[in-house]
Amino acid sequence: MAEEVRVRIAPSPSGNLHVGTARTALFNYLFAKKNNGKFILRIEDTDAERTSQEYIDNIFDSLKALGLNWDEGPDVGGPYGPYTQSERFDIYPKYVQQLLDSGFAYECFCTPEELEQEKAAATAAKKPYVYSRKCENLTEEEKAKLRAEGRKPAIRFNIAKAQKAFHDTSILEFEDLVKGKLHMDTDLLGDFVIQKSNGAPTYNFAVVIDDALMKISHVIRGEDHISNTYKQILIFEALGLPVPRFGHLGMILAPDRSKLSKRHGATAVSDFVKQGYLTEALINFVALLGWAPSDGEEIKPVEEIAKDFRIGEISSSNSIFEYDKLKWMNSHYIKMLPMETLKEMLKPYLTQYDLSELTDEQYTKMVELTREPLTLLSDITDAVPYFFGKDVTIDDETQTGTLDTETAQDVLKDFVEKAKDWEWSEEVLHQELEVFRGVWKEKGVKPKVTMWAIRAAITGRTRGADMVGILEILGKETSLCRAKKAIK
Ligand code: GLU
């Protein structure tokens with residue numbers, strides 16, 4: 001039987017969940033689904049200073065909101081826990097010792113100042129910096145002396161030794177699931193640190209031990225990790241552990257082709273949600289960053305994408321994060337929301353209004369009237385002010401451009417006079433307004449101009465939802481009161 005597919009997402013909680021991480025999580029999740037495998041969440045919180053519980057919670061909440069539920073993780077547990085790196089610190093020293101004993105690692109007593117000097121010398125000579133390896137062959141006496149001075153060693157990986165043992169050459173090659181054959185001259189890596197002088201493992205070391213012990217079969221992550229992959233392969237080999245398959249995803253760039261950052265718009269999943277994006281739209285959108293459905297149909301819920309997804313079809317190049325396209329998708333997903341769901345989802349964006357002014361029926365009607373042009377859920381805030389309160393705020397342009405005209409004033413006087421006798425139901429209002437427009441048309445006023453006057457007086461704007469619907473929700477009293485106020 002083929003080995004079980006086990007993939008993971010391993011975010012560092014130094015910020016809220018980034019859309020790029022959401023995409024990596026999605027591709028891992030889809031790969032697991034496709035292969036009846038397991039999707040694992042591991043929190044890489046070894047950088048205590050940049051880690052916070054708030055970010056950890058945000059990662060959990062965002063992944064859940066996107067529907068990317070994990071089979072094993074810090075909260076749900078699993079056979080290879082703990083799934084939080086800071087709780088695994090007692091696991092790593094044994095493997096460091098194994099590397100020391102087998103000569104694939106050595107103690108390095110260099111001080112930060114000494115290392116700085118080496119770096120400065122390399123810079124001055126215009127050479128790429130690699131560690132001088134001067135601690136590789138220290139004798140036991142020399143080490144004892146340095147220890148007596150109070151120096152605590154870091155542990156470095158011995159690249160030359162690993163090259164000799166496993167490759168016979170400094171060129172290391174691997175077959176990437178996304179990018180095909182990749183290679184690097186590992187002489188350029190330098191003997192990197194696997195355990196800091198304070199005893200903490202470095203990312204490259206902890207990740208190997210965790211991936212091995214969690215039996216990760218495929219590591220799918222951003223291409224910014226490619227240079228780490230060479231280091232990690234060498235560690236796997238030196239420890240005699242099976243090397244997983246690797247797949248590196250292209251970067252996500254902003255429309256101006258620079259690194260996607262806050263100045264382009266939201267980057268954290270939770271910020272997109274706050275701005276009124278639906279997680280269904282967001283997940284559909286990020287799936288298309290590097291992958292395309294075989295039928296060309298872009299609007300696709302995750303379950304559909306899962307059926308179609310093949311890792312070998314992921315593009316190896318970078319993707320552009322088109323905010324406009326995401327908005328377009330979002331408006332689609334808003335249109336598809338069932339009425340009751342939409343009504344609930346809009347409420348957080350309506351807190352500035354007193355919703356108790358409307359009955360549930362009126363609220364439903366208001367949402368029906370205004371949902372069509374919504375791109376973001378938050379668009380509702382500016383779409384509905386005139387449904388609330390007795391009075392309405394009239395913008396300057398509407399006041400001078402429409403309400404102050406003689407025609408508008410005459411139309412409104414007539415409207416107030418006639419409408420007070422109208423029955424205030426949708427059907428009747430339709431008919432009455434039809435007749436009303438007809439009368440003014442005969443006097444030479446275009447129907448739309450007649451309606452502008454009424455709309456301007458009642459909503460304070462010249463554009464908006466269907467007028468009959470608005471009148472009906474506001475009721476006769478408020479509607480006529482606003483119309484009267486607009487008459488000079
Ligand atoms: N904690 C690393 C990151 O957030 C994980 C990288 C990996 O997937 O190995 O970039």
# chains A, B, ... in the order shown; residues from 1 in each chain; ligands from 1

$ select_by_dssp --residues "segment 255-458 of chain A" --states "alpha helix (DSSP H)" --output "ChimeraX atom specification"
/A:269-274,279-287,302-308,323-336,339-346,360-370,380-383,396-398,406-419,426-442,447-458

$ residues_around --residues "segment 216-232 of chain A" --least-positions-apart "5" --cutoff "7 Å" --atoms "only C-alpha atoms" --output "short mmCIF file (atom, residue, chain, number, x, y, z; two decimals) with N, CA, C and O atoms, in the first residue's frame"
data_model
loop_
_atom_site.label_atom_id
_atom_site.label_comp_id
_atom_site.auth_asym_id
_atom_site.auth_seq_id
_atom_site.Cartn_x
_atom_site.Cartn_y
_atom_site.Cartn_z
N VAL A 5 -0.92 9.92 2.60
CA VAL A 5 -0.61 11.32 2.34
C VAL A 5 -0.90 12.13 3.60
O VAL A 5 -2.01 12.08 4.16
N ARG A 6 0.13 12.81 4.09
CA ARG A 6 -0.03 13.65 5.29
C ARG A 6 0.63 14.99 4.99
O ARG A 6 1.83 15.06 4.73
N VAL A 7 -0.17 16.04 4.98
CA VAL A 7 0.37 17.37 4.69
C VAL A 7 0.07 18.29 5.86
O VAL A 7 -0.76 17.99 6.71
N THR A 24 -1.80 28.67 0.76
CA THR A 24 -0.97 27.49 1.02
C THR A 24 -1.78 26.44 1.77
O THR A 24 -1.73 25.25 1.45
N ASN A 28 -2.79 22.63 0.40
CA ASN A 28 -2.50 21.44 1.22
C ASN A 28 -3.79 20.67 1.51
O ASN A 28 -3.84 19.44 1.40
N ASN A 204 14.85 25.79 10.76
CA ASN A 204 15.19 24.71 9.83
C ASN A 204 15.37 23.36 10.51
O ASN A 204 15.11 22.32 9.91
N VAL A 208 12.26 20.08 10.47
CA VAL A 208 12.62 18.74 9.99
C VAL A 208 12.17 17.68 11.00
O VAL A 208 11.54 16.69 10.65
N ASP A 211 8.34 17.57 10.99
CA ASP A 211 7.80 16.93 9.79
C ASP A 211 8.06 15.42 9.81
O ASP A 211 7.20 14.63 9.44
N PRO A 244 10.62 13.95 2.81
CA PRO A 244 9.30 14.11 2.18
C PRO A 244 9.44 14.67 0.76
O PRO A 244 10.51 15.13 0.37
N ARG A 245 8.34 14.65 -0.02
CA ARG A 245 8.34 15.35 -1.30
C ARG A 245 8.06 16.82 -1.02
O ARG A 245 7.33 17.15 -0.09
N PHE A 246 8.63 17.69 -1.84
CA PHE A 246 8.42 19.12 -1.64
C PHE A 246 7.71 19.74 -2.85
O PHE A 246 7.94 19.31 -3.98
N GLY A 247 6.87 20.72 -2.57
CA GLY A 247 6.23 21.47 -3.65
C GLY A 247 6.20 22.94 -3.25
O GLY A 247 5.75 23.28 -2.15
N HIS A 248 6.74 23.80 -4.11
CA HIS A 248 6.81 25.22 -3.75
C HIS A 248 5.92 26.07 -4.65
O HIS A 248 6.02 26.00 -5.88
N LEU A 249 5.08 26.85 -4.01
CA LEU A 249 4.10 27.69 -4.72
C LEU A 249 4.71 29.04 -5.05
O LEU A 249 5.44 29.60 -4.24
N GLY A 250 4.36 29.57 -6.22
CA GLY A 250 4.80 30.91 -6.59
C GLY A 250 4.29 31.94 -5.59
O GLY A 250 3.38 31.68 -4.82
N MET A 251 4.88 33.10 -5.63
CA MET A 251 4.48 34.15 -4.69
C MET A 251 3.19 34.82 -5.16
O MET A 251 2.82 34.74 -6.33
#

$ residues_near_ligand --ligand "ligand 1" --cutoff "6 Å" --atoms "only C-alpha atoms and all ligand atoms" --output "list of chain:residue names"
A:Ala10, A:Pro11, A:Ser12, A:Glu44, A:Arg221

$ write_last_selection --atoms "all heavy atoms" --output "tab-separated table (two decimals), in the first residue's frame"
chain	number	residue	atom	x	y	z
A	10	ALA	N	1.95	25.20	8.57
A	10	ALA	CA	2.72	25.45	9.80
A	10	ALA	C	2.94	26.94	10.03
A	10	ALA	O	4.05	27.44	9.99
A	10	ALA	CB	4.06	24.72	9.70
A	11	PRO	N	1.85	27.68	10.26
A	11	PRO	CA	2.02	29.12	10.39
A	11	PRO	C	2.76	29.54	11.66
A	11	PRO	O	2.67	28.87	12.68
A	11	PRO	CB	0.58	29.66	10.41
A	11	PRO	CG	-0.27	28.51	10.81
A	11	PRO	CD	0.45	27.27	10.38
A	12	SER	N	3.50	30.62	11.53
A	12	SER	CA	4.13	31.24	12.70
A	12	SER	C	3.19	32.33	13.17
A	12	SER	O	2.84	33.21	12.39
A	12	SER	CB	5.46	31.86	12.32
A	12	SER	OG	6.29	30.88	11.76
A	44	GLU	N	3.95	27.16	14.71
A	44	GLU	CA	5.40	27.31	14.86
A	44	GLU	C	5.70	28.58	15.64
A	44	GLU	O	6.00	29.63	15.07
A	44	GLU	CB	6.07	27.29	13.48
A	44	GLU	CG	5.77	25.99	12.75
A	44	GLU	CD	6.83	25.57	11.74
A	44	GLU	OE1	7.42	26.45	11.10
A	44	GLU	OE2	7.03	24.35	11.60
A	221	ARG	N	4.50	24.53	0.30
A	221	ARG	CA	4.63	25.85	0.93
A	221	ARG	C	5.13	26.86	-0.09
A	221	ARG	O	5.36	26.52	-1.25
A	221	ARG	CB	5.59	25.76	2.13
A	221	ARG	CG	6.97	25.31	1.74
A	221	ARG	CD	7.85	25.07	2.97
A	221	ARG	NE	9.11	24.43	2.58
A	221	ARG	CZ	9.93	23.82	3.42
A	221	ARG	NH1	9.62	23.77	4.70
A	221	ARG	NH2	11.04	23.28	2.99

$ residues_around --residues "segment 369-374 of chain A" --least-positions-apart "5" --cutoff "10 Å" --atoms "only C-alpha atoms" --output "number ranges by chain"
A: 276, 327, 330-332, 334-335, 339, 342-343, 346, 363-364, 379-380, 383-384, 464-467, 469-470

$ atom_distance --atom1 "atom CA of Leu99 of chain A" --atom2 "atom CA of Thr186 of chain A"
18.2 Å

$ closest_residue --among "A:Asn69, A:Thr111, A:Thr46, A:Thr139" --to "Thr84 of chain A" --atoms "only C-alpha atoms"
A:Thr46

$ residues_around --residues "Thr400 of chain A" --least-positions-apart "4" --cutoff "12 Å" --atoms "only C-alpha atoms" --output "CSV table (one decimal) with C-alpha atoms, in the first residue's frame"
chain,number,residue,atom,x,y,z
A,394,ILE,CA,-30.0,65.9,1.7
A,395,ASP,CA,-26.6,66.1,-0.1
A,396,ASP,CA,-25.7,69.5,-1.6
A,404,ASP,CA,-34.2,73.9,-5.7
A,405,THR,CA,-35.5,73.8,-9.3
A,406,GLU,CA,-38.9,75.3,-9.9
A,408,ALA,CA,-39.1,70.0,-8.6
A,409,GLN,CA,-40.9,72.4,-6.2
A,453,ALA,CA,-37.9,65.3,-7.4
A,456,ALA,CA,-34.6,63.6,-3.8
A,457,ALA,CA,-37.1,64.9,-1.2
A,460,GLY,CA,-31.9,62.9,-0.1
A,461,ARG,CA,-30.3,61.4,-3.3
A,462,THR,CA,-31.1,61.2,-6.9
A,486,ALA,CA,-38.4,69.8,0.9

$ residues_around --residues "Glu116 of chain A" --least-positions-apart "5" --cutoff "12 Å" --atoms "only C-alpha atoms" --output "number ranges by chain"
A: 110-111, 121-123, 129-132

$ atom_distance --atom1 "atom CA of Gly401 of chain A" --atom2 "atom CA of Tyr386 of chain A"
18.9 Å
